[in-house]
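One structure is given below, encoded as structure tokens.
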Amino acid sequence: MKTVYKVKIEKVTPEAEDAKSYIFVPVDFEQGLFDYMPGQFFMLEAEINRPETLTYDPATKQVIGSGKTVRVTEKKAYSIVSSPTEEGYIELLIKHENGVFAPYFLEQAHVGDVYRFQQAQGKFMRKFFEIKGGMMACWSSGSGIPSTMSIMRYKLDKGLDTKVAVLDSNKTLKDVIYHERLKMMTGESEDFVSLFTVTREPEENLPTSDPVRVSYASGRFWLNEPNTLKAFVGDEWQSYFNTICGASTFINGKGRDEGGKLVKLGKGIQDHLLEVGITKNQIDVDQFYLQ
Ligand SMILES: Cc1cc2nc3c(=O)[nH]c(=O)nc-3n(C[C@H](O)[C@H](O)[C@H](O)COP(=O)(O)OP(=O)(O)OC[C@H]3O[C@@H](n4cnc5c(N)ncnc54)[C@H](O)[C@@H]3O)c2cc1C
């Protein structure tokens, strides 16, 4: 059976218009709480108040609530933002996705509230540690950034001989979660480079004078060049291990059509990588939900 930890919110920080980070500290015991690896997640168990009836509306792509307010207990997975080297607290990032849990938690969870974590789990990034490190390209969209934050901090604190290339995609610059912290961390090691692409903001809005090794682009990855990985990390691109994290459309292009059926809507990062010859063994994916 998995160990369950009682944790208290110590700090809440807005990280984007629709996302907040939470610092949790253990309430009673913490033995084993910090025995996790970058890429793993906690199941967060929380009581929330929400409408009794929840119906998905395909027209607005939102879950609409109706009826009286009920108190329910939900369990949802959240990737760990902090690194196991940062003992004493756990940081999670929660983004509003128009669903049945996150909007209510974001509104109702406050400093001092107590929730529960199930012992850390998940295999994301494990393959990278099994091959004993090297070079890693971390592809993320929206809320898919937590494990990248964790591995960067872990590399710095442990002094690992690991290169990390961050490739993060968002609609606009305002949507980039942990933008300032990512820029600062990138500046902390010559082994880090970061590329932020924005799909709904023109080139002229993008910063030009950011710290060394941080760059910006407008448009989807792989739209403006035949091989985004090569264009960004250079000749060693074939040696990179690739982690891809976010919604299904970003990973493999699969999503729901207007009728709600699961279909292939286009190409995802995984398709592009396989097409240019990156092997399946060099790819690891963490799908948060179907889009
Ligand atoms: C391993 C793992 C790690 C994760 N890490 C994070 C993290 O670090 N941060 C984070 O914010 N999230 C993370 N998630 C996602 C998280 O667990 C939740 O799924 C997320 O918070 C949304 O939950 P929700 O209940 O509010 O939305 P849900 O109700 O689960 O809805 C999710 C999406 O599906 C849509 N949807 C719902 N029902 C339908 C339907 N019938 N037809 C079509 N679309 C529908 C919703 O509108 C919404 O866009 C992770 C998930 C996994 C599996």
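For the structure tokens, the naming scheme is as follows: chains receive sequential letters (A, B, ...) according to their order of presentation, residues are indexed from 1 within each chain, and ligands are indexed from 1 in presentation order.
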For this session: Would you mind listing the residues within 6 Å of ligand 1, counting only C-alpha atoms and all ligand atoms, as a PyMOL selection string?
Result: chain A and resi 41+56+61-63+76-79+93-95+97-103+143+146+260+287-289+291
Kindly export the residues of the current selection with N, CA and C atoms, as a CSV table (one decimal), in the first residue's frame.
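Writing done, so here's again.csv:
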```csv
chain,number,residue,atom,x,y,z
A,41,PHE,N,5.4,12.1,-10.0
A,41,PHE,CA,4.2,13.0,-9.6
A,41,PHE,C,3.6,12.5,-8.3
A,56,TYR,N,-19.8,18.2,-19.9
A,56,TYR,CA,-18.8,18.8,-20.9
A,56,TYR,C,-19.6,19.4,-22.1
A,61,LYS,N,-15.8,24.0,-25.1
A,61,LYS,CA,-14.7,23.1,-24.6
A,61,LYS,C,-14.5,23.3,-23.1
A,62,GLN,N,-15.6,23.4,-22.4
A,62,GLN,CA,-15.6,23.6,-20.9
A,62,GLN,C,-16.5,22.6,-20.2
A,63,VAL,N,-16.2,22.3,-19.0
A,63,VAL,CA,-17.1,21.5,-18.2
A,63,VAL,C,-18.0,22.6,-17.5
A,76,LYS,N,-6.1,13.8,-8.0
A,76,LYS,CA,-5.5,14.1,-9.3
A,76,LYS,C,-4.0,14.1,-9.2
A,77,ALA,N,-3.4,13.8,-10.4
A,77,ALA,CA,-1.9,13.7,-10.5
A,77,ALA,C,-1.3,15.0,-10.7
A,78,TYR,N,-0.2,15.4,-10.0
A,78,TYR,CA,0.5,16.6,-10.3
A,78,TYR,C,2.0,16.3,-10.2
A,79,SER,N,2.7,16.7,-11.3
A,79,SER,CA,4.2,16.4,-11.4
A,79,SER,C,4.9,17.3,-10.4
A,93,LEU,N,2.5,22.6,-9.3
A,93,LEU,CA,1.9,23.6,-10.2
A,93,LEU,C,0.6,23.1,-10.7
A,94,ILE,N,-0.4,24.0,-10.5
A,94,ILE,CA,-1.8,23.5,-11.0
A,94,ILE,C,-2.3,24.6,-12.0
A,95,LYS,N,-2.8,24.1,-13.1
A,95,LYS,CA,-3.3,25.0,-14.2
A,95,LYS,C,-4.8,24.7,-14.4
A,97,GLU,N,-7.8,24.0,-16.4
A,97,GLU,CA,-8.0,23.4,-17.7
A,97,GLU,C,-9.5,23.3,-18.1
A,98,ASN,N,-10.3,24.1,-17.4
A,98,ASN,CA,-11.8,24.0,-17.7
A,98,ASN,C,-12.4,22.6,-17.4
A,99,GLY,N,-11.8,22.0,-16.3
A,99,GLY,CA,-12.3,20.7,-16.0
A,99,GLY,C,-13.1,20.6,-14.7
A,100,VAL,N,-13.1,19.5,-14.0
A,100,VAL,CA,-13.9,19.3,-12.9
A,100,VAL,C,-13.2,19.5,-11.5
A,101,PHE,N,-11.9,19.6,-11.5
A,101,PHE,CA,-11.2,19.7,-10.3
A,101,PHE,C,-10.4,21.0,-10.1
A,102,ALA,N,-9.4,21.2,-11.1
A,102,ALA,CA,-8.5,22.3,-11.0
A,102,ALA,C,-9.1,23.7,-10.7
A,103,PRO,N,-10.2,24.1,-11.5
A,103,PRO,CA,-10.7,25.4,-11.3
A,103,PRO,C,-11.2,25.6,-9.8
A,143,SER,N,1.1,23.5,-18.9
A,143,SER,CA,1.4,23.0,-17.6
A,143,SER,C,2.5,21.9,-17.6
A,146,PRO,N,6.6,21.3,-15.1
A,146,PRO,CA,7.2,21.0,-13.8
A,146,PRO,C,8.4,20.1,-13.8
A,260,GLY,N,-16.5,14.7,-30.4
A,260,GLY,CA,-15.9,14.1,-29.1
A,260,GLY,C,-15.2,12.8,-29.4
A,287,GLN,N,1.8,12.2,-20.6
A,287,GLN,CA,0.6,12.8,-21.1
A,287,GLN,C,-0.3,13.2,-19.9
A,288,PHE,N,-0.7,14.5,-19.8
A,288,PHE,CA,-1.5,14.9,-18.7
A,288,PHE,C,-2.9,14.6,-18.9
A,289,TYR,N,-3.4,14.9,-20.1
A,289,TYR,CA,-4.8,14.6,-20.4
A,289,TYR,C,-5.1,14.6,-21.9
A,291,GLN,N,-6.7,16.0,-25.2
A,291,GLN,CA,-7.3,17.4,-25.5
A,291,GLN,C,-8.4,17.3,-26.4
```
Problem set entry | Non-local contacts of Leu106 (chain A) (10 Å; only C-alpha atoms; under 6 positions in same chain excluded) as a list in words |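 With the cut-off at 10 Å, the set is Val12, Pro14, Asp18, Ala19, Lys20, Ser21, Tyr22, Ile48, Ile94, Lys95 and His96 of chain A.
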Using N, CA and C atoms, can you export the residues from the last selection as a CSV table (one decimal), in the first residue's frame?
```
chain,number,residue,atom,x,y,z
A,12,VAL,N,1.3,30.2,-1.7
A,12,VAL,CA,0.6,30.1,-3.0
A,12,VAL,C,1.1,31.3,-3.9
A,14,PRO,N,0.7,33.0,-7.8
A,14,PRO,CA,0.2,33.0,-9.2
A,14,PRO,C,1.4,32.9,-10.2
A,18,ASP,N,-3.9,31.7,-15.3
A,18,ASP,CA,-4.7,30.5,-15.0
A,18,ASP,C,-3.9,29.4,-14.3
A,19,ALA,N,-2.8,29.7,-13.6
A,19,ALA,CA,-2.0,28.7,-13.0
A,19,ALA,C,-1.4,29.3,-11.7
A,20,LYS,N,-1.3,28.4,-10.7
A,20,LYS,CA,-0.7,28.8,-9.4
A,20,LYS,C,0.3,27.7,-9.0
A,21,SER,N,1.4,28.1,-8.3
A,21,SER,CA,2.2,27.1,-7.7
A,21,SER,C,1.9,27.1,-6.2
A,22,TYR,N,2.1,25.9,-5.6
A,22,TYR,CA,1.8,25.6,-4.2
A,22,TYR,C,3.0,25.0,-3.5
A,48,ILE,N,-13.1,19.5,-2.3
A,48,ILE,CA,-13.5,20.7,-2.9
A,48,ILE,C,-15.0,20.9,-2.9
A,94,ILE,N,-0.4,24.0,-10.5
A,94,ILE,CA,-1.8,23.5,-11.0
A,94,ILE,C,-2.3,24.6,-12.0
A,95,LYS,N,-2.8,24.1,-13.1
A,95,LYS,CA,-3.3,25.0,-14.2
A,95,LYS,C,-4.8,24.7,-14.4
A,96,HIS,N,-5.5,25.7,-14.6
A,96,HIS,CA,-6.9,25.7,-14.9
A,96,HIS,C,-7.1,25.1,-16.3
```
For this session: Fewer than 3 positions away in the same chain doesn't count, so skip those; otherwise give me all residues within 12 Å of region 152-162 of chain A, counting only C-alpha atoms, as a ChimeraX atom specification.
Result: /A:36-39,80-87,128-129,131-138,145-149,165-166,181-194,240-241
Residue selection dump (C-alpha atoms) as a PDB file, in the first residue's frame:
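The result, written out as result_8.pdb:
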```pdb
ATOM      1  CA  TYR A  36      11.358  10.828  -5.426  1.00  0.00           C
ATOM      2  CA  MET A  37      13.108  11.550  -8.721  1.00  0.00           C
ATOM      3  CA  PRO A  38      12.578  14.379 -11.250  1.00  0.00           C
ATOM      4  CA  GLY A  39       9.721  13.343 -13.542  1.00  0.00           C
ATOM      5  CA  ILE A  80       6.723  17.589  -8.908  1.00  0.00           C
ATOM      6  CA  VAL A  81       8.273  20.988  -9.601  1.00  0.00           C
ATOM      7  CA  SER A  82      10.789  20.909  -6.761  1.00  0.00           C
ATOM      8  CA  SER A  83      13.856  18.670  -6.744  1.00  0.00           C
ATOM      9  CA  PRO A  84      14.527  15.893  -4.208  1.00  0.00           C
ATOM     10  CA  THR A  85      17.615  17.940  -3.270  1.00  0.00           C
ATOM     11  CA  GLU A  86      15.266  20.608  -1.852  1.00  0.00           C
ATOM     12  CA  GLU A  87      14.180  18.778   1.292  1.00  0.00           C
ATOM     13  CA  PHE A 128      17.195   8.991 -18.889  1.00  0.00           C
ATOM     14  CA  PHE A 129      18.589   8.094 -15.463  1.00  0.00           C
ATOM     15  CA  ILE A 131      21.170   5.416 -19.449  1.00  0.00           C
ATOM     16  CA  LYS A 132      23.198   7.419 -16.905  1.00  0.00           C
ATOM     17  CA  GLY A 133      22.408  10.892 -18.140  1.00  0.00           C
ATOM     18  CA  GLY A 134      23.968  12.830 -20.974  1.00  0.00           C
ATOM     19  CA  MET A 135      22.025  15.316 -23.061  1.00  0.00           C
ATOM     20  CA  MET A 136      18.345  15.920 -22.648  1.00  0.00           C
ATOM     21  CA  ALA A 137      15.806  17.957 -24.621  1.00  0.00           C
ATOM     22  CA  CYS A 138      12.747  18.708 -22.464  1.00  0.00           C
ATOM     23  CA  ILE A 145       6.919  22.358 -17.400  1.00  0.00           C
ATOM     24  CA  PRO A 146       7.186  20.994 -13.781  1.00  0.00           C
ATOM     25  CA  SER A 147       9.500  18.017 -14.472  1.00  0.00           C
ATOM     26  CA  THR A 148      11.844  20.267 -16.476  1.00  0.00           C
ATOM     27  CA  MET A 149      12.121  22.611 -13.465  1.00  0.00           C
ATOM     28  CA  ALA A 165      17.724  22.021 -23.564  1.00  0.00           C
ATOM     29  CA  VAL A 166      14.326  23.467 -22.629  1.00  0.00           C
ATOM     30  CA  ARG A 181      12.718  31.347 -12.889  1.00  0.00           C
ATOM     31  CA  LEU A 182      13.519  29.420 -16.065  1.00  0.00           C
ATOM     32  CA  LYS A 183      15.514  32.341 -17.427  1.00  0.00           C
ATOM     33  CA  MET A 184      17.434  32.637 -14.151  1.00  0.00           C
ATOM     34  CA  MET A 185      18.148  28.910 -13.921  1.00  0.00           C
ATOM     35  CA  THR A 186      19.268  28.819 -17.555  1.00  0.00           C
ATOM     36  CA  GLY A 187      21.785  31.533 -16.668  1.00  0.00           C
ATOM     37  CA  GLU A 188      23.152  29.402 -13.818  1.00  0.00           C
ATOM     38  CA  SER A 189      24.846  26.788 -16.016  1.00  0.00           C
ATOM     39  CA  GLU A 190      26.435  26.668 -19.441  1.00  0.00           C
ATOM     40  CA  ASP A 191      24.825  23.250 -19.749  1.00  0.00           C
ATOM     41  CA  PHE A 192      21.377  24.865 -20.050  1.00  0.00           C
ATOM     42  CA  VAL A 193      19.701  26.469 -23.081  1.00  0.00           C
ATOM     43  CA  SER A 194      16.058  27.542 -23.323  1.00  0.00           C
ATOM     44  CA  TYR A 240      19.752  13.866 -27.220  1.00  0.00           C
ATOM     45  CA  PHE A 241      17.256  12.032 -25.036  1.00  0.00           C
TER      46      PHE A 241
END
```
For this session: Would you mind listing what lies within 9 Å of Leu273 (chain A) as a VMD selection string, with only C-alpha atoms counted and same-chain residues fewer than 6 positions away left out?
Result: chain A and resid 227 229 242 279 283
Take the residues from that selection and put them in a file with N, CA and C atoms, as a PDB file, in the first residue's frame.
```pdb
ATOM      1  N   ASN A 227      13.886  20.756 -38.862  1.00  0.00           N
ATOM      2  CA  ASN A 227      14.231  19.974 -37.678  1.00  0.00           C
ATOM      3  C   ASN A 227      14.519  20.947 -36.525  1.00  0.00           C
ATOM      4  N   LEU A 229      14.911  20.430 -33.350  1.00  0.00           N
ATOM      5  CA  LEU A 229      15.936  19.978 -32.397  1.00  0.00           C
ATOM      6  C   LEU A 229      17.331  20.335 -32.917  1.00  0.00           C
ATOM      7  N   ASN A 242      14.922  12.710 -25.391  1.00  0.00           N
ATOM      8  CA  ASN A 242      13.826  13.683 -25.483  1.00  0.00           C
ATOM      9  C   ASN A 242      12.681  13.331 -24.540  1.00  0.00           C
ATOM     10  N   THR A 279      15.182   7.598 -32.191  1.00  0.00           N
ATOM     11  CA  THR A 279      14.572   6.289 -31.939  1.00  0.00           C
ATOM     12  C   THR A 279      13.593   6.361 -30.763  1.00  0.00           C
ATOM     13  N   ILE A 283      13.034   8.587 -26.488  1.00  0.00           N
ATOM     14  CA  ILE A 283      11.857   9.436 -26.238  1.00  0.00           C
ATOM     15  C   ILE A 283      11.093   8.916 -25.031  1.00  0.00           C
TER      16      ILE A 283
END
```
For this session: Would you mind listing what lies within 9 Å of Asn49 (chain A) as number ranges by chain, with only C-alpha atoms counted and same-chain residues fewer than 6 positions away left out?
Result: A: 69-73, 104-105, 108
N, CA and C atoms of the current selection, written as a CSV table (one decimal), in the first residue's frame:
```csv
chain,number,residue,atom,x,y,z
A,69,THR,N,-24.5,23.0,-4.6
A,69,THR,CA,-23.1,22.8,-4.3
A,69,THR,C,-22.9,21.6,-3.4
A,70,VAL,N,-22.0,20.7,-3.8
A,70,VAL,CA,-21.7,19.5,-3.0
A,70,VAL,C,-20.2,19.5,-2.6
A,71,ARG,N,-19.9,18.8,-1.5
A,71,ARG,CA,-18.5,18.7,-1.1
A,71,ARG,C,-18.0,17.3,-1.5
A,72,VAL,N,-17.0,17.3,-2.3
A,72,VAL,CA,-16.5,16.0,-2.9
A,72,VAL,C,-15.0,15.8,-2.6
A,73,THR,N,-14.5,14.6,-2.6
A,73,THR,CA,-13.1,14.3,-2.5
A,73,THR,C,-12.6,13.8,-3.9
A,104,TYR,N,-11.7,24.6,-9.2
A,104,TYR,CA,-12.3,24.7,-7.8
A,104,TYR,C,-11.1,24.7,-6.8
A,105,PHE,N,-10.1,23.9,-7.1
A,105,PHE,CA,-9.0,23.9,-6.2
A,105,PHE,C,-8.3,25.2,-6.2
A,108,GLN,N,-10.3,27.7,-4.2
A,108,GLN,CA,-10.6,27.4,-2.8
A,108,GLN,C,-9.4,27.1,-1.9
```
Exercise. Got a sec to tell me which of region 85-270 of chain A DSSP assigns to helix (DSSP H, G or I), as number ranges by chain?
Worked result: A: 102-108, 126-130, 142-144, 146-158, 173-175, 179-187, 203-205, 228-233, 235-239, 248-252, 269-270
Could the residues in this selection be written to a file with C-alpha atoms, as an mmCIF file, in the first residue's frame?
```
data_model
loop_
_atom_site.group_PDB
_atom_site.id
_atom_site.type_symbol
_atom_site.label_atom_id
_atom_site.label_comp_id
_atom_site.auth_asym_id
_atom_site.auth_seq_id
_atom_site.Cartn_x
_atom_site.Cartn_y
_atom_site.Cartn_z
ATOM 1 C CA ALA A 102 -8.466 22.330 -10.956
ATOM 2 C CA PRO A 103 -10.742 25.413 -11.269
ATOM 3 C CA TYR A 104 -12.259 24.690 -7.842
ATOM 4 C CA PHE A 105 -8.959 23.861 -6.160
ATOM 5 C CA LEU A 106 -7.344 27.030 -7.556
ATOM 6 C CA GLU A 107 -10.174 29.106 -6.153
ATOM 7 C CA GLN A 108 -10.593 27.378 -2.793
ATOM 8 C CA ARG A 126 13.463 7.143 -15.557
ATOM 9 C CA LYS A 127 14.914 5.950 -18.900
ATOM 10 C CA PHE A 128 17.195 8.991 -18.889
ATOM 11 C CA PHE A 129 18.589 8.094 -15.463
ATOM 12 C CA GLU A 130 18.937 4.440 -16.519
ATOM 13 C CA GLY A 142 1.490 24.816 -20.893
ATOM 14 C CA SER A 143 1.430 23.004 -17.565
ATOM 15 C CA GLY A 144 3.966 20.424 -18.833
ATOM 16 C CA PRO A 146 7.186 20.994 -13.781
ATOM 17 C CA SER A 147 9.500 18.017 -14.472
ATOM 18 C CA THR A 148 11.844 20.267 -16.476
ATOM 19 C CA MET A 149 12.121 22.611 -13.465
ATOM 20 C CA SER A 150 12.858 19.610 -11.257
ATOM 21 C CA ILE A 151 15.592 18.092 -13.449
ATOM 22 C CA MET A 152 17.326 21.478 -13.889
ATOM 23 C CA ARG A 153 17.473 22.110 -10.139
ATOM 24 C CA TYR A 154 18.547 18.469 -9.559
ATOM 25 C CA LYS A 155 21.406 18.809 -12.075
ATOM 26 C CA LEU A 156 22.603 22.051 -10.473
ATOM 27 C CA ASP A 157 22.436 20.774 -6.888
ATOM 28 C CA LYS A 158 24.044 17.411 -7.674
ATOM 29 C CA LEU A 173 4.392 35.158 -23.504
ATOM 30 C CA LYS A 174 1.960 35.843 -20.649
ATOM 31 C CA ASP A 175 1.124 32.119 -20.580
ATOM 32 C CA HIS A 179 9.266 32.274 -17.201
ATOM 33 C CA GLU A 180 11.482 34.340 -14.872
ATOM 34 C CA ARG A 181 12.718 31.347 -12.889
ATOM 35 C CA LEU A 182 13.519 29.420 -16.065
ATOM 36 C CA LYS A 183 15.514 32.341 -17.427
ATOM 37 C CA MET A 184 17.434 32.637 -14.151
ATOM 38 C CA MET A 185 18.148 28.910 -13.921
ATOM 39 C CA THR A 186 19.268 28.819 -17.555
ATOM 40 C CA GLY A 187 21.785 31.533 -16.668
ATOM 41 C CA GLU A 203 7.678 37.847 -33.702
ATOM 42 C CA GLU A 204 7.830 41.614 -33.078
ATOM 43 C CA ASN A 205 6.436 41.200 -29.535
ATOM 44 C CA THR A 228 13.679 22.126 -34.579
ATOM 45 C CA LEU A 229 15.936 19.978 -32.397
ATOM 46 C CA LYS A 230 18.881 20.311 -34.789
ATOM 47 C CA ALA A 231 18.228 24.021 -35.339
ATOM 48 C CA PHE A 232 18.265 24.630 -31.589
ATOM 49 C CA VAL A 233 20.938 22.322 -30.127
ATOM 50 C CA ASP A 235 25.154 18.986 -34.572
ATOM 51 C CA GLU A 236 24.815 16.783 -31.482
ATOM 52 C CA TRP A 237 21.030 16.619 -31.877
ATOM 53 C CA GLN A 238 20.970 12.880 -32.582
ATOM 54 C CA SER A 239 22.516 12.126 -29.171
ATOM 55 C CA SER A 248 -2.066 14.685 -26.118
ATOM 56 C CA THR A 249 -2.211 17.096 -29.070
ATOM 57 C CA PHE A 250 1.273 18.386 -28.222
ATOM 58 C CA ILE A 251 2.739 14.913 -27.748
ATOM 59 C CA ASN A 252 1.214 12.879 -30.583
ATOM 60 C CA ILE A 269 6.489 16.439 -31.191
ATOM 61 C CA GLN A 270 6.899 12.662 -30.969
#
```
Exercise. Do you have the CA of Asp271 (chain A)-CA of Gly219 (chain A) distance handy?
Worked result: 17.5 Å
Problem set entry | Interatomic distance, CA of Gly266 (chain A) to CA of Gly122 (chain A) (Å, one decimal) |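 About the pair CA of Gly266 (chain A) and CA of Gly122 (chain A): they are 27.3 Å apart.
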For this session: Calculate how many Å separate CA of Glu47 (chain A) from CA of Asp113 (chain A), rounding to one decimal.
Result: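 According to the coordinates, CA of Glu47 (chain A) and CA of Asp113 (chain A) are separated by 10.4 Å.
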Exercise. Using only C-alpha atoms, which residue out of A:Gly259, A:Gly268, A:Pro202, A:Pro207 lies closest to Cys245 (chain A)?
Worked result: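 The closest residue to Cys245 (chain A) is A:Gly268.
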